[in-house]
Every structure is written in structure tokens, then in C-alpha cells.
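Data first, discussion second: the structure below is written as C-alpha cells.
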Amino acid sequence: MKHYLQFTDLTADEYAYLFERAAIIKKKFKSYEKHHPLVDRTLAMIFEKASTRTRVSFEAGMYQLGGSVVHLTTGDSQLGRAEPIEDSAKVISRMTDLVMIRTYEQTKIERFAAHSRVPVINGLTNEYHPCQILADIFTYIEHRGSIAGKTVAWVGDGNNMANTWVQAAALLGFKVNVSTPRGYEIDEKLASGAHGISASNYQFYSNPLDACKDADLVTTDVWTSMGYEAENEARKKAFADWCVDAEMMAAAKPDALFMHCLPAHRGEEVEADVIDGPQSVVWDEAENRMHVQKALMEYLLLGRVA
């Protein structure tokens, strides 16, 4: 049994399979071809952090695979409050086949997985967001081919997305240029994972324009992630020069893509003419969350499908 708690939980070979499988599953979806490998399987979704894309992509995806979904919010589950996380894991995993959790501390999902009889998927924690990077890389492959040897520019907060991009770069053989304001850098210990951090995969730039130079992909996220709302005004001041604009995109390669995990605040972390411009693939990226997660759920429950 495998869990998917951070990007390094799978191998490069497993990712190659998932990207190929996601393409097949997406093609079936676009052709209105039924694909029900998870009939009679149930996904439990536990949300301590609110969600739009995570809920819709997992719920719609599981139904499209022929399965069913149980949706639990903080009020429904009281994860770690009304009863210990370990007890919740033992109960929920006896009644369902797969669990997706979107919560705050990574330690919560790790404790749950340690006592679960079924695979657990990280739908987002403060530290990592592996399903989003899975979708982002799949989207890049769709538009430009293999990401190996390419350069990704991360502009903004050194958050869960940045951590996961660094993990993915070390595992799949590409480079991430990270630019954050001082005081908002990535936690290199969190980002390193099993493969460590090396200059061949990761470099920090104090100037975001330098990070974008010759990049194949430029990507960002909101300046204030969920749970950090009290810092919003301070962050707006600190991040004022980290708005992805036309100048940054011009510094990247002519065919560079722009991505954003959404929701986006036009005029803050990205200018409207970038996110709504011809280099932006954010809507494909959002849809692809569903397709890669379908491939992931199928793999965790059934293994490789011929």
C-alpha cells in the first residue's frame, strides 16, 4: 500500500506512468467514453482547509471513475479534536477505500496515514501540495513535451508550492529558479526531501527578473496563503516587486508558459495581461488536476493498469 503525502513518495518511473495514464484517462473523458475502474470504491475527503478546485476535482474525478465520495468538513470530522487523529484514521479507513485530506500541518496527515488501512492522499498542507505540481507538470508535458532539463521560475512566496516544485525538480531532472522577498524564502530542509538540494536543480535569486531569465515556465501563487491572513498587509508591502508582469515574461523564453494554481488576484501576484494572455495555461492546469488525480487514485488502488 502506498500513500501520497509529498512529491517524493513516488519514483520518476511511477511519475512517467502516471503522466501517460492521465493522458489516456483525459482522452476518454473528452471522448465521453465511460471509464469505471473504481466501481464500488469509496473516497473519503476530509477538509480542514476550504477548497474549490480540490473538492471539485477529486469529487468529480471519483464519480467519473465509477466510485462514490464521502465529504467531511472540519465541523463534520473534528480531526484531532473530538478524538485523536489516530482513532479517526482507524475508523474512516475501515469504511472507505481511499482518503484525501486537505489540512494545515503536514504532521496531521502523516499521523493519519500511519494508522490508515487504505491509501492517503495529500490534498494540500502548509508544507506541500503534490497534487497541484502533478497537474502542473502534466500540463507542461501536454504543451511542450518533457520537462526534463527545463527551467521553472517560481516568483513569490516560499510556500508549499515552492517546496514541492523543488522536490519535483530533484526527482525529475529539471531546474527551479526561486525568487522570494527576504524573510519569505523556502525552507530548504522541507523542500529537500530524499534527493536533497543541489545547484543543478535549485537556485535562489533576490531579483525576480533574474529568476525568469530564459525560463521555460513562469509560475506563482497568492502572496497570502490560507492560514496567514493576519499577515496580509505586511505581505502586500513585502511582495510589491514580485508581481509577474509582461517584463518578467519577456525575460523568459519566447515560448515560455505561465501557470498559477488559483485562485488568483490580478494586480497583486500577477498582472491581468499575463494570466489572461496567450502564454497562460491556467485553465488547462486547473482542469488537469482532475485527470492526474484520477490516474493517481486508480494507481493507488489498482496498481499499473495494462
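To be explicit about the labels: the chains of the C-alpha cells are called A, B, and onward in the order shown, and within each one the residues are counted from 1, while ligands get numbers from 1 in the order they are shown.
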Quick one: which segment 124-151 of chain A residues come within 9 Å of segment 159-175 of chain A, and what is the nearest atom pair for each with the distance in Å to one decimal, counting only C-alpha atoms, rows ordered by chain and ascending number, as JSON lines?
{"residue": "A:Leu124", "atom": "CA", "partner": "A:Asn160", "partner_atom": "CA", "distance": 8.1}
{"residue": "A:Thr125", "atom": "CA", "partner": "A:Asn160", "partner_atom": "CA", "distance": 7.2}
{"residue": "A:Asn126", "atom": "CA", "partner": "A:Asn160", "partner_atom": "CA", "distance": 5.8}
{"residue": "A:Glu127", "atom": "CA", "partner": "A:Asn160", "partner_atom": "CA", "distance": 4.5}
{"residue": "A:Tyr128", "atom": "CA", "partner": "A:Asn160", "partner_atom": "CA", "distance": 4.2}
{"residue": "A:His129", "atom": "CA", "partner": "A:Met161", "partner_atom": "CA", "distance": 5.7}
{"residue": "A:Pro130", "atom": "CA", "partner": "A:Thr164", "partner_atom": "CA", "distance": 6.2}
{"residue": "A:Gln132", "atom": "CA", "partner": "A:Met161", "partner_atom": "CA", "distance": 7.9}
{"residue": "A:Ile133", "atom": "CA", "partner": "A:Trp165", "partner_atom": "CA", "distance": 6.6}
{"residue": "A:Leu134", "atom": "CA", "partner": "A:Ala168", "partner_atom": "CA", "distance": 8.8}
{"residue": "A:Ile147", "atom": "CA", "partner": "A:Phe174", "partner_atom": "CA", "distance": 6.5}
{"residue": "A:Ala148", "atom": "CA", "partner": "A:Phe174", "partner_atom": "CA", "distance": 4.9}
{"residue": "A:Gly149", "atom": "CA", "partner": "A:Phe174", "partner_atom": "CA", "distance": 4.5}
{"residue": "A:Lys150", "atom": "CA", "partner": "A:Phe174", "partner_atom": "CA", "distance": 5.1}
{"residue": "A:Thr151", "atom": "CA", "partner": "A:Lys175", "partner_atom": "CA", "distance": 4.8}
DSSP on the backbone, helix (DSSP H, G or I) only: what residues of segment 44-200 of chain A does that give? Format it as JSON, numbers by chain.
{"A": [53, 54, 55, 56, 57, 58, 59, 60, 61, 62, 63, 64, 74, 75, 76, 77, 85, 86, 87, 88, 89, 90, 91, 92, 93, 94, 95, 106, 107, 108, 109, 110, 111, 112, 113, 114, 130, 131, 132, 133, 134, 135, 136, 137, 138, 139, 140, 141, 142, 143, 144, 160, 161, 162, 163, 164, 165, 166, 167, 168, 169, 170, 171, 172, 188, 189, 190, 191, 192, 193, 194, 195]}
From the list A:Arg182, A:Arg41, A:Arg21, A:Lys90, the nearest residue to Arg111 of chain A using only C-alpha atoms is A:Lys90
Counting only C-alpha atoms, figure out which residue out of A:Ala238, A:Ala250, A:Val176, A:Ile85 gets nearest to Ala191 of chain A.
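Smallest separation from Ala191 of chain A among the options: A:Val176.
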Contacts between segment 221-225 of chain A and segment 43-118 of chain A, please, where a residue of segment 43-118 of chain A counts if it comes within 12 Å (with only C-alpha atoms); show its shortest atom pair and distance in Å to one decimal, rows by chain and ascending number, as JSON lines.
{"residue": "A:Lys49", "atom": "CA", "partner": "A:Ser225", "partner_atom": "CA", "distance": 10.9}
{"residue": "A:Ala50", "atom": "CA", "partner": "A:Ser225", "partner_atom": "CA", "distance": 11.7}
{"residue": "A:Tyr104", "atom": "CA", "partner": "A:Ser225", "partner_atom": "CA", "distance": 11.0}
When you look at Ile46 of chain A with a cut-off of 7 Å (counting only C-alpha atoms), what residues show up, excluding the ones that are within fewer than 5 positions of it in the same chain? I need them as JSON, numbers by chain.
{"A": [71, 72, 73, 100, 101, 102]}
Show which residues sit within 9 Å of segment 112-115 of chain A, as a VMD selection string. Count only C-alpha atoms, and ignore same-chain residues fewer than 3 positions away.
chain A and resid 3 5 85 to 90 93 107 to 109 118 to 121
Give me the residues within 12 Å of Leu209 of chain A as a VMD selection string, counting only C-alpha atoms and dropping any in the same chain fewer than 3 places off.
chain A and resid 153 to 156 177 to 180 204 to 206 212 to 215 218 241 to 252
Tell me, as a ChimeraX atom specification, which residues lie within 12 Å of Phe19 of chain A, counting only C-alpha atoms; anything in the same chain fewer than 3 positions away does not count.
/A:12-16,22-26,133-142,145-147,288-289,291-296,299
So, counting only C-alpha atoms, which residue among A:Asp255, A:Glu59, A:Glu233, A:Asp276 is closest to Asp216 of chain A?
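Distance minimum relative to Asp216 of chain A lands on A:Asp255.
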